[in-house]
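Visitor: Following this line is coords21.cif, made up of mmCIF, C-alpha atoms and all ligand atoms:
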```cif
data_upload
#
loop_
_atom_site.label_atom_id
_atom_site.label_comp_id
_atom_site.auth_asym_id
_atom_site.auth_seq_id
_atom_site.Cartn_x
_atom_site.Cartn_y
_atom_site.Cartn_z
CA MET Y 1 83.51 -86.17 152.00
CA GLU Y 2 86.57 -84.64 153.58
CA ILE Y 3 89.86 -85.26 151.82
CA GLY Y 4 92.06 -87.00 154.35
CA PRO Y 5 94.43 -89.90 155.00
CA ALA Y 6 91.98 -92.35 153.40
CA THR Y 7 92.05 -90.45 150.09
CA ARG Y 8 94.15 -91.89 147.28
CA ALA Y 9 94.56 -89.39 144.47
CA ILE Y 10 96.36 -89.18 141.12
CA VAL Y 11 97.31 -85.76 139.79
CA SER Y 12 98.71 -85.38 136.28
CA GLY Y 13 101.05 -82.49 135.58
CA ALA Y 14 101.93 -82.72 139.26
CA THR Y 15 105.36 -81.09 139.23
CA SER Y 16 104.53 -77.48 138.39
CA GLY Y 17 101.84 -74.83 138.63
CA ILE Y 18 98.26 -75.91 139.32
CA GLY Y 19 99.11 -79.62 139.53
CA GLU Y 20 101.91 -79.03 142.03
CA ALA Y 21 99.74 -76.75 144.19
CA THR Y 22 96.92 -79.33 144.11
CA SER Y 23 99.30 -82.17 144.98
CA ARG Y 24 100.71 -80.18 147.90
CA ALA Y 25 97.21 -79.29 149.14
CA LEU Y 26 96.11 -82.94 148.96
CA ALA Y 27 99.26 -84.17 150.72
CA ALA Y 28 98.80 -81.51 153.43
CA ARG Y 29 95.46 -83.14 154.23
CA GLY Y 30 97.11 -86.54 154.51
CA ALA Y 31 96.08 -87.95 151.12
CA THR Y 32 98.27 -90.46 149.28
CA VAL Y 33 99.14 -88.67 146.05
CA GLY Y 34 100.31 -90.27 142.81
CA LEU Y 35 102.40 -87.63 141.07
CA MET Y 36 102.27 -88.00 137.28
CA ALA Y 37 104.62 -86.03 135.00
CA ARG Y 38 107.59 -86.65 132.69
CA GLY Y 39 110.54 -84.84 134.28
CA ALA Y 40 112.26 -87.33 136.61
CA GLU Y 41 114.22 -84.77 138.63
CA ARG Y 42 111.23 -82.65 139.60
CA LEU Y 43 109.19 -85.77 140.30
CA ALA Y 44 111.86 -87.08 142.67
CA ALA Y 45 112.24 -83.70 144.41
CA LEU Y 46 108.49 -83.28 144.97
CA SER Y 47 107.88 -86.83 146.07
CA SER Y 48 110.70 -86.58 148.62
CA GLU Y 49 108.88 -83.55 150.08
CA LEU Y 50 105.36 -85.01 150.11
CA GLU Y 51 105.10 -87.83 152.58
CA GLY Y 52 103.44 -90.96 151.25
CA SER Y 53 103.40 -89.74 147.64
CA LEU Y 54 104.29 -91.98 144.73
CA GLU Y 55 106.09 -91.01 141.54
CA LEU Y 56 104.18 -91.94 138.38
CA PRO Y 57 106.57 -91.08 135.56
CA ALA Y 58 104.54 -90.99 132.36
CA ASP Y 59 103.73 -88.91 129.32
CA VAL Y 60 99.93 -88.57 129.49
CA GLY Y 61 99.78 -88.89 125.72
CA ASP Y 62 101.24 -92.40 125.94
CA ARG Y 63 98.24 -94.64 126.64
CA GLU Y 64 100.19 -97.73 127.64
CA ALA Y 65 102.49 -95.82 130.00
CA VAL Y 66 99.52 -94.14 131.67
CA GLU Y 67 97.67 -97.46 132.10
CA SER Y 68 100.75 -99.06 133.58
CA GLU Y 69 101.41 -96.24 136.09
CA VAL Y 70 97.74 -95.98 137.12
CA SER Y 71 97.62 -99.73 137.66
CA ARG Y 72 100.83 -99.65 139.73
CA PHE Y 73 99.43 -96.80 141.86
CA ALA Y 74 96.11 -98.63 142.43
CA GLU Y 75 97.97 -101.74 143.57
CA GLN Y 76 100.43 -99.95 145.84
CA ALA Y 77 97.93 -97.49 147.34
CA GLY Y 78 95.08 -100.03 147.46
CA GLY Y 79 92.64 -98.03 145.31
CA ILE Y 80 91.86 -94.64 143.79
CA GLU Y 81 89.29 -92.13 145.06
CA LEU Y 82 90.30 -89.02 143.13
CA VAL Y 83 91.85 -88.20 139.76
CA VAL Y 84 92.88 -84.69 138.70
CA ALA Y 85 93.48 -84.62 134.92
CA ASN Y 86 95.54 -81.47 134.82
CA ALA Y 87 98.61 -81.99 132.60
CA GLY Y 88 98.65 -79.53 129.75
CA ILE Y 89 100.85 -77.47 127.47
CA ALA Y 90 100.33 -74.25 125.53
CA ARG Y 91 101.86 -73.02 122.29
CA THR Y 92 100.56 -69.65 121.16
CA GLY Y 93 100.70 -67.76 117.88
CA PRO Y 94 98.64 -67.13 114.76
CA PHE Y 95 97.27 -70.48 113.62
CA LEU Y 96 98.93 -70.42 110.20
CA GLU Y 97 102.32 -69.69 111.79
CA LEU Y 98 102.04 -72.39 114.42
CA ASP Y 99 104.30 -75.38 113.82
CA PRO Y 100 101.89 -78.21 112.85
CA ALA Y 101 103.82 -80.60 115.11
CA ALA Y 102 103.34 -78.23 118.07
CA ALA Y 103 99.62 -77.98 117.30
CA GLU Y 104 99.26 -81.77 117.21
CA GLU Y 105 101.27 -82.11 120.42
CA MET Y 106 98.77 -79.86 122.21
CA VAL Y 107 95.92 -82.10 121.06
CA ARG Y 108 97.85 -85.20 122.15
CA VAL Y 109 98.79 -83.93 125.62
CA ASN Y 110 95.78 -81.77 126.54
CA PHE Y 111 92.95 -83.81 125.08
CA VAL Y 112 94.18 -87.36 124.40
CA GLY Y 113 96.10 -87.21 127.71
CA THR Y 114 92.84 -86.52 129.56
CA LEU Y 115 91.15 -89.48 127.83
CA ASN Y 116 94.10 -91.77 128.61
CA LEU Y 117 94.17 -90.95 132.32
CA LEU Y 118 90.42 -91.25 132.89
CA ARG Y 119 90.13 -94.42 130.79
CA ALA Y 120 92.79 -96.04 132.94
CA ALA Y 121 91.45 -94.91 136.33
CA VAL Y 122 87.67 -94.83 136.11
CA PRO Y 123 86.93 -98.58 135.78
CA ARG Y 124 88.66 -99.07 139.15
CA MET Y 125 86.37 -96.42 140.69
CA LEU Y 126 83.25 -97.87 139.10
CA ASP Y 127 84.09 -101.27 140.62
CA ARG Y 128 83.78 -99.64 144.06
CA GLY Y 129 80.92 -97.31 143.10
CA ARG Y 130 82.81 -94.34 144.44
CA GLY Y 131 85.18 -91.63 143.26
CA HIS Y 132 85.59 -88.16 141.86
CA LEU Y 133 87.23 -86.84 138.70
CA VAL Y 134 88.50 -83.32 138.07
CA VAL Y 135 89.24 -82.18 134.52
CA VAL Y 136 91.30 -78.99 134.37
CA SER Y 137 90.08 -77.23 131.23
CA SER Y 138 90.39 -73.43 130.85
CA ALA Y 139 88.48 -70.21 130.39
CA ALA Y 140 89.80 -70.60 126.83
CA ALA Y 141 87.20 -73.39 126.47
CA LEU Y 142 84.41 -70.89 127.09
CA ARG Y 143 85.66 -67.90 125.12
CA ALA Y 144 87.90 -67.77 122.08
CA PHE Y 145 91.06 -65.66 122.07
CA PRO Y 146 93.39 -64.78 119.17
CA TRP Y 147 96.67 -66.77 119.00
CA THR Y 148 95.17 -69.57 121.05
CA ALA Y 149 92.96 -71.18 118.41
CA VAL Y 150 94.44 -74.64 118.85
CA TYR Y 151 95.05 -74.43 122.61
CA GLY Y 152 91.47 -73.19 123.09
CA GLY Y 153 90.24 -75.98 120.83
CA THR Y 154 91.89 -78.62 123.03
CA LYS Y 155 90.37 -77.04 126.15
CA ALA Y 156 86.92 -76.91 124.52
CA ALA Y 157 87.34 -80.57 123.55
CA GLN Y 158 88.04 -81.40 127.21
CA ARG Y 159 84.90 -79.50 128.17
CA ALA Y 160 82.65 -81.31 125.68
CA PHE Y 161 84.10 -84.68 126.64
CA ALA Y 162 83.79 -84.02 130.37
CA GLU Y 163 80.20 -82.81 130.14
CA ALA Y 164 79.13 -85.87 128.15
CA PHE Y 165 81.09 -88.29 130.36
CA ARG Y 166 79.57 -86.73 133.49
CA HIS Y 167 76.13 -87.70 132.15
CA GLU Y 168 77.36 -91.24 131.46
CA LEU Y 169 78.59 -91.51 135.06
CA SER Y 170 75.28 -90.40 136.56
CA GLY Y 171 74.13 -92.84 139.25
CA THR Y 172 77.41 -94.76 139.38
CA GLY Y 173 78.82 -93.08 142.50
CA VAL Y 174 81.62 -91.56 140.41
CA SER Y 175 81.23 -87.82 139.82
CA LEU Y 176 83.09 -85.27 137.73
CA THR Y 177 83.96 -81.59 138.03
CA THR Y 178 85.33 -79.49 135.17
CA VAL Y 179 87.52 -76.54 136.14
CA TYR Y 180 87.82 -73.41 133.99
CA PRO Y 181 90.68 -71.30 135.39
CA GLY Y 182 91.41 -67.83 134.08
CA GLU Y 183 95.04 -66.68 133.94
CA VAL Y 184 97.20 -68.40 136.55
CA GLU Y 185 100.81 -67.60 137.51
CA THR Y 186 102.57 -70.75 136.31
CA ALA Y 187 105.24 -71.87 133.86
CA LEU Y 188 102.64 -72.59 131.14
CA HIS Y 189 103.76 -69.75 128.85
CA ALA Y 190 107.32 -69.38 130.18
CA HIS Y 191 108.90 -71.20 127.23
CA GLU Y 192 107.82 -68.58 124.68
CA PRO Y 193 107.69 -65.12 126.32
CA GLU Y 194 108.06 -63.41 122.94
CA ARG Y 195 104.87 -65.08 121.71
CA THR Y 196 102.73 -64.19 124.71
CA PRO Y 197 99.90 -62.10 123.24
CA ASP Y 198 99.38 -58.60 124.69
CA TRP Y 199 95.91 -59.42 125.98
CA LEU Y 200 97.43 -62.27 128.01
CA ARG Y 201 100.39 -60.22 129.30
CA ARG Y 202 98.09 -57.44 130.50
CA GLY Y 203 95.52 -59.68 132.16
CA GLU Y 204 95.07 -60.24 135.86
CA SER Y 205 96.30 -63.54 137.19
CA VAL Y 206 95.94 -65.60 140.34
CA ALA Y 207 98.32 -67.89 142.21
CA PRO Y 208 98.06 -71.62 141.46
CA GLU Y 209 97.30 -72.24 145.15
CA ARG Y 210 94.01 -70.42 144.69
CA VAL Y 211 93.01 -72.80 141.91
CA ALA Y 212 94.11 -75.76 144.05
CA ASP Y 213 91.91 -74.54 146.92
CA ALA Y 214 88.96 -74.22 144.54
CA ILE Y 215 89.57 -77.76 143.26
CA LEU Y 216 89.63 -79.19 146.78
CA ASP Y 217 86.48 -77.25 147.70
CA ALA Y 218 84.73 -78.64 144.61
CA VAL Y 219 85.73 -82.20 145.51
CA TRP Y 220 84.49 -81.73 149.06
CA TYR Y 221 81.19 -80.26 147.83
CA ARG Y 222 80.57 -83.04 145.30
CA TRP Y 223 81.38 -85.77 147.79
CA SER Y 224 79.36 -84.30 150.68
P1 LIG W 1 102.72 -75.76 134.09
O1 LIG W 1 103.48 -75.58 132.82
O2 LIG W 1 103.10 -74.94 135.27
O3 LIG W 1 102.75 -77.32 134.52
C1 LIG W 1 102.47 -78.32 133.59
C2 LIG W 1 102.67 -79.68 134.24
O4 LIG W 1 102.25 -80.68 133.29
C3 LIG W 1 104.10 -80.00 134.61
O5 LIG W 1 104.12 -80.79 135.79
C4 LIG W 1 104.59 -80.83 133.43
O6 LIG W 1 105.67 -81.68 133.83
C5 LIG W 1 103.32 -81.61 133.11
N1 LIG W 1 103.25 -82.11 131.73
C6 LIG W 1 103.43 -81.42 130.58
N2 LIG W 1 103.34 -82.22 129.54
C7 LIG W 1 103.08 -83.46 130.03
C8 LIG W 1 102.91 -84.74 129.44
N3 LIG W 1 102.97 -84.92 128.10
N4 LIG W 1 102.68 -85.80 130.24
C9 LIG W 1 102.63 -85.65 131.60
N5 LIG W 1 102.79 -84.47 132.20
C10 LIG W 1 103.02 -83.39 131.43
O7 LIG W 1 101.20 -75.53 133.68
P2 LIG W 1 99.89 -75.04 134.48
O8 LIG W 1 99.92 -75.46 135.88
O9 LIG W 1 99.66 -73.64 134.13
O10 LIG W 1 98.79 -75.88 133.68
C11 LIG W 1 98.09 -76.97 134.21
C12 LIG W 1 96.75 -77.07 133.50
O11 LIG W 1 95.99 -75.89 133.76
C13 LIG W 1 96.87 -77.21 131.98
O12 LIG W 1 95.94 -78.17 131.53
C14 LIG W 1 96.50 -75.82 131.49
O13 LIG W 1 95.92 -75.87 130.19
C15 LIG W 1 95.47 -75.41 132.54
N6 LIG W 1 95.26 -73.96 132.64
C16 LIG W 1 96.32 -73.14 132.94
C17 LIG W 1 96.12 -71.77 133.00
C18 LIG W 1 97.23 -70.82 133.31
O14 LIG W 1 97.03 -69.61 133.16
N7 LIG W 1 98.38 -71.25 133.74
C19 LIG W 1 94.78 -71.17 132.77
C20 LIG W 1 93.76 -72.16 132.48
C21 LIG W 1 94.01 -73.49 132.42
P3 LIG W 1 106.67 -82.35 132.73
O15 LIG W 1 106.93 -81.31 131.69
O16 LIG W 1 107.88 -82.75 133.52
O17 LIG W 1 105.95 -83.55 132.20
#
```
Would you mind writing the file's structure down as C-alpha cells?
Ligand code: NDP

Guide:
Amino acid sequence: MEIGPATRAIVSGATSGIGEATSRALAARGATVGLMARGAERLAALSSELEGSLELPADVGDREAVESEVSRFAEQAGGIELVVANAGIARTGPFLELDPAAAEEMVRVNFVGTLNLLRAAVPRMLDRGRGHLVVVSSAAALRAFPWTAVYGGTKAAQRAFAEAFRHELSGTGVSLTTVYPGEVETALHAHEPERTPDWLRRGESVAPERVADAILDAVWYRWS
C-alpha cells in the first residue's frame, strides 16, 4: 500500500537523525505524523514545518506517558496505520568503565521504550486488522563491536523481541519490519566524541535520508 494522506503514523525519536528524516519523508507523502520525542523546542519547530503533524511529547521509557500520547494521537488522527519505533541512545566505552546508570538508561530507552510504544499502539491496529510496525535496531544487533557491549545488547534484544512478535502477529493483518542500519550520520554519538571508538570513526556512513527511504520502501513492500 502506498503511504499517502490516509496514512496515520507515529515515529519515536522524531526530532533528529533517522526519525526526523523518516517523519519528513512520511509528511512529504501526505501522511499524518505523530512526532514523539522529549525535547519540546525541537518538537515544536518540526511540527510547525510538517503540515498536519502532531507533537507527542514523551519519554519512550515512561510507559504511562507513551500510552497517553498514543491514545491522544489515535483519537485526534482517527486511527494508526504505521508505527516506527526508532528512539534510541548510545553510550560507548569499555563495559567496566561505563557508568551503570548510563548502561541501564540505554536498556530503558532502546529496549523498554520499544516495548512501551508497540504495546500502546498495536491493540488499536489489531482491532482493525491492519497496520505495519518498524523497529529500528542496528547492525550492532547482528555483530558485536568493542565498546558497544551494552548498546549492542539493547539492539540485539530489540531484534529477538521483534522476530518473536512478528510470528505472534502472523495472520492478524499487522506486519513488522526490523531495520538494521550500519553507521548513519546523526547526532547519536555527538555527545561523547572523545569516546567514539576508532573503528566507528573510520567507518563509512550514510545520510539518515537513505535509511528513511529504505524504511518507506519496506513499508510499501510489506503492505503491497
Ligand atoms: P539521534 O541522536 O540523531 O536522534 C535520537 C532521537 O531520539 C531524538 O529525536 C531524541 O529526541 C529521541 N530520544 C532520545 N531519547 C528518547 C527518549 N527517552 N524518549 C523519546 N525520544 C527519545 O539518533 P539516530 O537517528 O542516530 O538514532 C535513531 C535510532 O537508530 C536509534 O534507535 C539508534 O540506535 C538507531 N541506529 C543509529 C545508527 C547511527 O549510526 N546513527 C546506526 C544503527 C542504528 P529527544 O532527545 O528530544 O527525546

Visitor: Counting only C-alpha atoms and all ligand atoms, what are the residues, protein, DNA or RNA alike, that approach ligand LIG 1 (chain W) to within 7 Å? I want them as a PyMOL selection string.

Guide: chain Y and resi 12-20+36-39+42+58-61+86-90+109-110+136-139+155+180-188

Visitor: Using only C-alpha atoms, which protein or nucleic acid residues come within 12 Å of Val107 in chain Y? Drop anything in the same chain fewer than 2 positions from it, and give the result as an NGL selection string.

Guide: :Y and (60-61 or 87-91 or 100-105 or 109-115 or 149-158)

Visitor: Grab the CA of Gln76 in chain Y to CA of Val135 in chain Y distance for me, in Å with one decimal place.

Guide: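 About the pair CA of Gln76 in chain Y and CA of Val135 in chain Y: they are 23.9 Å apart.
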
Visitor: One decimal, in Å: what's the spacing between CA of Leu169 in chain Y and CA of Asn116 in chain Y?

Guide: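 Between CA of Leu169 in chain Y and CA of Asn116 in chain Y the gap works out to 16.8 Å.
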
Visitor: Do you know which residues are at most 7 Å from range 144-147 of chain Y counting all atoms listed in the file, after dropping those on the same chain fewer than 4 positions away, and could you put them as a PyMOL selection string?

Guide: chain Y and resi 92-95+140+152

Visitor: Work out how far apart CA of Gly79 in chain Y and CA of Arg8 in chain Y are and give it in Å to one decimal.

Guide: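 Interatomic distance, CA of Gly79 in chain Y to CA of Arg8 in chain Y: 6.6 Å.
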
Visitor: Which residue out of Y:Ser71, Y:Ser170, Y:Ser53, Y:Thr148 has the minimum interatomic distance to Ala31 in chain Y when only C-alpha atoms are used?

Guide: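 Looking at the shortest contact to Ala31 in chain Y, the residue is Y:Ser53.
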
Visitor: I need the residue nearest Ala9 in chain Y from this list: Y:Ala162, Y:Ala207, Y:Leu216, Y:Val179. Use all atoms listed in the file for the distance.

Guide: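 Once distances to Ala9 in chain Y are computed over all atoms listed in the file, the minimum belongs to Y:Leu216.
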
Visitor: Using only C-alpha atoms for the distances, tell me which of Y:Leu126, Y:Thr178, Y:Asp217, Y:Ala121 is nearest to Ala141 in chain Y.

Guide: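 Ranked by minimum distance to Ala141 in chain Y, first place goes to Y:Thr178.
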
Visitor: Considering only C-alpha atoms, can you say which of Y:Arg128, Y:Arg24, Y:His189, Y:His167 comes closest to Ala212 in chain Y?

Guide: Y:Arg24

Visitor: In terms of the shortest atom-to-atom distance over only C-alpha atoms, which of Y:Glu64, Y:Glu97, Y:Glu163, Y:Glu49 is closest to Thr177 in chain Y?

Guide: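 Result for the nearest residue to Thr177 in chain Y: Y:Glu163.
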
Visitor: Return as AutoDock Vina command-line options the box centre and box size in Å, one decimal, for an axis-aligned box around all listed atoms of range 160-165 of chain Y padded by 3 Å per side.

Guide:
```
--center_x 81.6 --center_y -84.8 --center_z 128.0 --size_x 11.0 --size_y 13.0 --size_z 10.7
```

Visitor: Show me, as a list in words, the residues that have an atom within 10 Å of Arg72 in chain Y when counting all atoms listed in the file, minus same-chain residues fewer than 4 positions from it.

Guide: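 Those residues are Gly34, Leu54, Leu56, Val66, Glu67, Ser68, Gln76, Ala77 and Gly78 of chain Y.
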
Visitor: Skip Gly30 in chain Y itself and residues of its chain fewer than 4 positions away, then list as a CSV table (one decimal) with C-alpha atoms, in the coordinates of the input all residues within 8 Å of it, counting only C-alpha atoms.

Guide:
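part.csv, freshly written:
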```
chain,number,residue,atom,x,y,z
Y,3,ILE,CA,89.9,-85.3,151.8
Y,4,GLY,CA,92.1,-87.0,154.4
Y,5,PRO,CA,94.4,-89.9,155.0
Y,6,ALA,CA,92.0,-92.4,153.4
Y,7,THR,CA,92.0,-90.4,150.1
Y,26,LEU,CA,96.1,-82.9,149.0
```

Visitor: Let me make sure I understand: among Y:Glu41, Y:Tyr221, Y:Val211, Y:Ala160, which one has the smallest atom-to-atom distance to Thr22 in chain Y if we use only C-alpha atoms?

Guide: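 Checking each candidate against Thr22 in chain Y, we get Y:Val211 as the closest.
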